[in-house]
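Novice: Before we start, here is the structure in question, set down as structure tokens.
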Amino acid sequence: MGIKIAPSILSARFDRLGDQVTEAAAAGADLIHIDVMDGHFVPNLTMGPAIVESIRPLTKVPFDAHLMVIQPEIFIQDFAEVGVDDLTVHVESDHDVRKTIRAIRDAGVRPGLVLNPTTPLDRAIPHLADVDLLLVMTVQPGFSGQAFRYDVVPKIRAARAHIDKEGLAVELEVDGGIKIDTAPIVAEAGADILVSGSGIFPDHVAANLKKLREVAEKAARHRP
Ligand code: DX5
Ligand code: ZN
């Protein structure tokens with residue numbers, strides 16, 4: 001199985017968001033990554049279910065929604081109804097993680113857990129049998145275009161090792177500062193899904209995506 005690439009539309013041009021989604025889909029995006037921020041969990045406001053609903057008919061590519069909100073459980077139903085495929089929630093949010101994961105699953109959506117750069121892998125381990133995705137942040141969430149945090153790479157390796165050792169059906173996703181120079185690092189460390197915002201949008205979407213996939217797949221072949 002190859003590496004999946006998930007363009008983050010937070011870096012798209014919002015005055016032509018639909019065209020940018022269509023462009024990413026035509027370029028072979030495996031997922032469309034949607035960053036949802038509430039202005040409390042992170043100091044930024046982005047998009048909600050109404051935006052997702054308006055772009056959903058444009059493509060069959062699965063939508064991967066990343067909830068950077070204080071209370072993820074109150075938005076599950078709304079996102080499920082507009083057709084997201086994945087909902088990832090932070091362990092650092094203010095909620096009963098087990099309950100939220102179950103509610104996402106019950107809504108017919110693939111649940112995932114997210115770890116901020118400094119949050120240890122241990123916080124996710126008790127839940128890994130119940131989720132389909134583990135998203136490791138390589139920037140402090142809130143904004144696209146930040147620098148990749150190299151100090152998170154050992155956690156990606158540890159997550160890969162744990163998933164493999166336990167035989168878990170969890171895809172390992174990495175998000176933040178992923179570009180041509182850093183994609184090989186996370187691919188070699190064991191990531192299955194690479195999120196990239198400013199590495200793909202807003203211009204030369206197809207060429208950027210192709211190059212990112214090329215360097216990531218090459219590096220993945222060198223995994224230990
Ligand atoms: C950060 C978001 C990321 C971001 C990625 O809070 O979760 O998905 O859009 O953007 P880049 O790839 O530019 O770091
Ligand atoms: Zn994200």
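FYI, nothing fancy with the structure tokens labels: chains A, B, ... in order, residues from 1 per chain, ligands from 1 as they appear.
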List as a tab-separated table every residue of chain A that is in contact with ligand 1, defined as an atom at most 10 Å from one of its atoms (using only C-alpha atoms and all ligand atoms), together with the nearest atom pair and the distance in Å rounded to one decimal, sorted by chain and then rising number.

Specialist:
residue	atom	partner	partner_atom_place_in_ligand_line	distance
A:Ala6	CA	ligand 1	8 (O)	9.1
A:Pro7	CA	ligand 1	12 (O)	8.0
A:Ser8	CA	ligand 1	9 (O)	5.2
A:Ile9	CA	ligand 1	9 (O)	7.0
A:Leu10	CA	ligand 1	9 (O)	4.9
A:Ser11	CA	ligand 1	9 (O)	6.2
A:Ala12	CA	ligand 1	9 (O)	9.4
A:His33	CA	ligand 1	8 (O)	6.8
A:Ile34	CA	ligand 1	8 (O)	7.2
A:Asp35	CA	ligand 1	7 (O)	5.6
A:Val36	CA	ligand 1	7 (O)	8.2
A:Met37	CA	ligand 1	6 (O)	8.2
A:Val42	CA	ligand 1	6 (O)	8.0
A:Pro43	CA	ligand 1	6 (O)	9.9
A:Asn44	CA	ligand 1	6 (O)	8.9
A:Ala65	CA	ligand 1	8 (O)	9.5
A:His66	CA	ligand 1	7 (O)	6.7
A:Leu67	CA	ligand 1	7 (O)	8.5
A:Met68	CA	ligand 1	6 (O)	7.6
A:Val114	CA	ligand 1	7 (O)	9.8
A:Asn116	CA	ligand 1	6 (O)	9.7
A:Leu135	CA	ligand 1	7 (O)	9.7
A:Val136	CA	ligand 1	7 (O)	9.9
A:Met137	CA	ligand 1	7 (O)	7.3
A:Thr138	CA	ligand 1	14 (O)	8.1
A:Val139	CA	ligand 1	1 (C)	6.7
A:Gln140	CA	ligand 1	6 (O)	6.5
A:Pro141	CA	ligand 1	6 (O)	3.2
A:Gly142	CA	ligand 1	6 (O)	3.8
A:Phe143	CA	ligand 1	6 (O)	4.6
A:Ser144	CA	ligand 1	10 (O)	3.5
A:Gly145	CA	ligand 1	13 (O)	3.6
A:Gln146	CA	ligand 1	14 (O)	5.2
A:Ala147	CA	ligand 1	14 (O)	7.0
A:Phe148	CA	ligand 1	14 (O)	7.2
A:Val174	CA	ligand 1	8 (O)	9.0
A:Asp175	CA	ligand 1	8 (O)	5.5
A:Gly176	CA	ligand 1	14 (O)	3.6
A:Gly177	CA	ligand 1	14 (O)	3.7
A:Ile178	CA	ligand 1	12 (O)	5.2
A:Lys179	CA	ligand 1	12 (O)	7.1
A:Leu194	CA	ligand 1	12 (O)	9.1
A:Val195	CA	ligand 1	8 (O)	6.3
A:Ser196	CA	ligand 1	12 (O)	3.7
A:Gly197	CA	ligand 1	12 (O)	3.6
A:Ser198	CA	ligand 1	13 (O)	3.7
A:Gly199	CA	ligand 1	12 (O)	5.7
A:Ile200	CA	ligand 1	12 (O)	7.8
A:Phe201	CA	ligand 1	13 (O)	8.5

Novice: Run DSSP on the backbone of this structure and report the residues of stretch 42-94 of chain A it assigns to strand (DSSP E), as a list in words.

Specialist: Phe63, Asp64, Ala65, His66, Leu67, Met68, Asp86, Leu87, Thr88, Val89 and His90 of chain A

Novice: I want to know what sits within 7 Å of A:Leu121, based on only C-alpha atoms, with residues of the same chain fewer than 3 positions away left out; could you give that as JSON, numbers by chain?

Specialist: {"A": [124, 125, 155, 159]}

Novice: Between A:Arg16, A:Arg123, A:His222, A:His90, single out the one closest to ligand 2, counting only C-alpha atoms and all ligand atoms.

Specialist: A:His90

Novice: I need the helix (DSSP H, G or I) residues of stretch 32-106 of chain A per DSSP on the backbone, written as a compact mmCIF listing (two decimals) with N, CA, C and O atoms, in the first residue's frame.

Specialist:
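Heads up, here's the output in states-v4.txt:
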# COMPACT_ATOMS: atom_id res chain seq x y z
N PRO A 49 -19.59 22.97 9.28
CA PRO A 49 -20.36 22.05 8.44
C PRO A 49 -20.93 22.71 7.17
O PRO A 49 -21.04 22.03 6.14
N ALA A 50 -21.26 24.00 7.21
CA ALA A 50 -21.86 24.62 6.02
C ALA A 50 -20.87 24.63 4.84
O ALA A 50 -21.26 24.41 3.69
N ILE A 51 -19.60 24.87 5.15
CA ILE A 51 -18.57 24.85 4.10
C ILE A 51 -18.42 23.43 3.56
O ILE A 51 -18.34 23.21 2.35
N VAL A 52 -18.38 22.47 4.48
CA VAL A 52 -18.22 21.08 4.06
C VAL A 52 -19.39 20.68 3.16
O VAL A 52 -19.19 20.05 2.11
N GLU A 53 -20.57 21.06 3.54
CA GLU A 53 -21.76 20.73 2.75
C GLU A 53 -21.66 21.30 1.34
O GLU A 53 -22.03 20.64 0.36
N SER A 54 -21.11 22.51 1.22
CA SER A 54 -21.07 23.14 -0.10
C SER A 54 -20.01 22.53 -1.02
O SER A 54 -20.16 22.56 -2.23
N ILE A 55 -18.96 21.94 -0.45
CA ILE A 55 -17.94 21.34 -1.32
C ILE A 55 -18.13 19.83 -1.46
O ILE A 55 -17.52 19.21 -2.34
N ARG A 56 -18.97 19.23 -0.63
CA ARG A 56 -19.13 17.77 -0.66
C ARG A 56 -19.54 17.22 -2.03
O ARG A 56 -19.03 16.17 -2.46
N PRO A 57 -20.44 17.90 -2.76
CA PRO A 57 -20.85 17.32 -4.05
C PRO A 57 -19.76 17.37 -5.13
O PRO A 57 -19.92 16.75 -6.18
N LEU A 58 -18.67 18.05 -4.89
CA LEU A 58 -17.67 18.26 -5.94
C LEU A 58 -16.81 17.03 -6.22
O LEU A 58 -16.19 16.93 -7.27
N PRO A 72 -15.56 18.60 21.09
CA PRO A 72 -15.82 17.95 19.80
C PRO A 72 -17.16 17.24 19.73
O PRO A 72 -17.78 17.18 18.66
N GLU A 73 -17.64 16.73 20.85
CA GLU A 73 -18.85 15.89 20.80
C GLU A 73 -20.08 16.65 20.28
O GLU A 73 -20.95 16.06 19.67
N ILE A 74 -20.10 17.98 20.49
CA ILE A 74 -21.31 18.71 20.06
C ILE A 74 -21.39 18.90 18.54
O ILE A 74 -22.43 19.28 18.03
N PHE A 75 -20.29 18.60 17.83
CA PHE A 75 -20.31 18.80 16.37
C PHE A 75 -20.38 17.51 15.56
O PHE A 75 -20.47 17.56 14.34
N ILE A 76 -20.33 16.37 16.24
CA ILE A 76 -20.25 15.09 15.52
C ILE A 76 -21.41 14.89 14.55
O ILE A 76 -21.20 14.60 13.36
N GLN A 77 -22.61 15.07 15.05
CA GLN A 77 -23.79 14.82 14.22
C GLN A 77 -23.81 15.74 12.99
O GLN A 77 -24.09 15.29 11.87
N ASP A 78 -23.50 17.01 13.21
CA ASP A 78 -23.52 17.98 12.11
C ASP A 78 -22.54 17.60 11.00
O ASP A 78 -22.86 17.67 9.81
N PHE A 79 -21.33 17.18 11.40
CA PHE A 79 -20.34 16.81 10.38
C PHE A 79 -20.71 15.49 9.71
O PHE A 79 -20.49 15.32 8.51
N ALA A 80 -21.28 14.57 10.47
CA ALA A 80 -21.70 13.29 9.89
C ALA A 80 -22.76 13.55 8.82
O ALA A 80 -22.73 12.98 7.73
N GLU A 81 -23.68 14.44 9.13
CA GLU A 81 -24.80 14.71 8.20
C GLU A 81 -24.35 15.34 6.89
O GLU A 81 -24.98 15.14 5.86
N VAL A 97 -12.93 11.06 26.06
CA VAL A 97 -12.42 10.59 24.77
C VAL A 97 -13.12 9.31 24.31
O VAL A 97 -13.52 9.18 23.15
N ARG A 98 -13.29 8.39 25.25
CA ARG A 98 -13.91 7.11 24.90
C ARG A 98 -15.34 7.30 24.36
O ARG A 98 -15.73 6.72 23.35
N LYS A 99 -16.06 8.19 25.05
CA LYS A 99 -17.45 8.46 24.64
C LYS A 99 -17.50 9.14 23.27
O LYS A 99 -18.35 8.82 22.43
N THR A 100 -16.60 10.10 23.06
CA THR A 100 -16.58 10.81 21.77
C THR A 100 -16.28 9.84 20.63
O THR A 100 -16.94 9.87 19.59
N ILE A 101 -15.30 8.97 20.84
CA ILE A 101 -14.94 8.00 19.80
C ILE A 101 -16.15 7.12 19.46
O ILE A 101 -16.46 6.88 18.29
N ARG A 102 -16.82 6.67 20.50
CA ARG A 102 -17.99 5.81 20.28
C ARG A 102 -19.09 6.57 19.51
O ARG A 102 -19.72 6.04 18.60
N ALA A 103 -19.30 7.84 19.88
CA ALA A 103 -20.33 8.64 19.22
C ALA A 103 -19.99 8.86 17.74
O ALA A 103 -20.88 8.84 16.89
N ILE A 104 -18.72 9.04 17.44
CA ILE A 104 -18.30 9.21 16.04
C ILE A 104 -18.59 7.92 15.27
O ILE A 104 -19.19 7.93 14.19
N ARG A 105 -18.19 6.80 15.86
CA ARG A 105 -18.43 5.48 15.23
C ARG A 105 -19.94 5.27 15.03
O ARG A 105 -20.38 4.85 13.95
N ASP A 106 -20.73 5.59 16.04
CA ASP A 106 -22.19 5.40 15.96
C ASP A 106 -22.81 6.29 14.88
O ASP A 106 -23.87 5.97 14.34

Novice: How many Å lie between atom CA of A:Val152 and atom CA of A:Asp85, rounded to one decimal?

Specialist: 26.6 Å

Novice: Using only C-alpha atoms, pick whichever of A:Val91, A:Ala187, A:Val61, A:Ile5 has the shortest atom-to-atom distance to A:Ala25.

Specialist: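 Closest to A:Ala25, using only C-alpha atoms: A:Val61.
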
Novice: Atom CA of A:Ala191 and atom CA of A:Val205 are how many Å apart?

Specialist: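 Going from atom CA of A:Ala191 over to atom CA of A:Val205, I get 21.5 Å.
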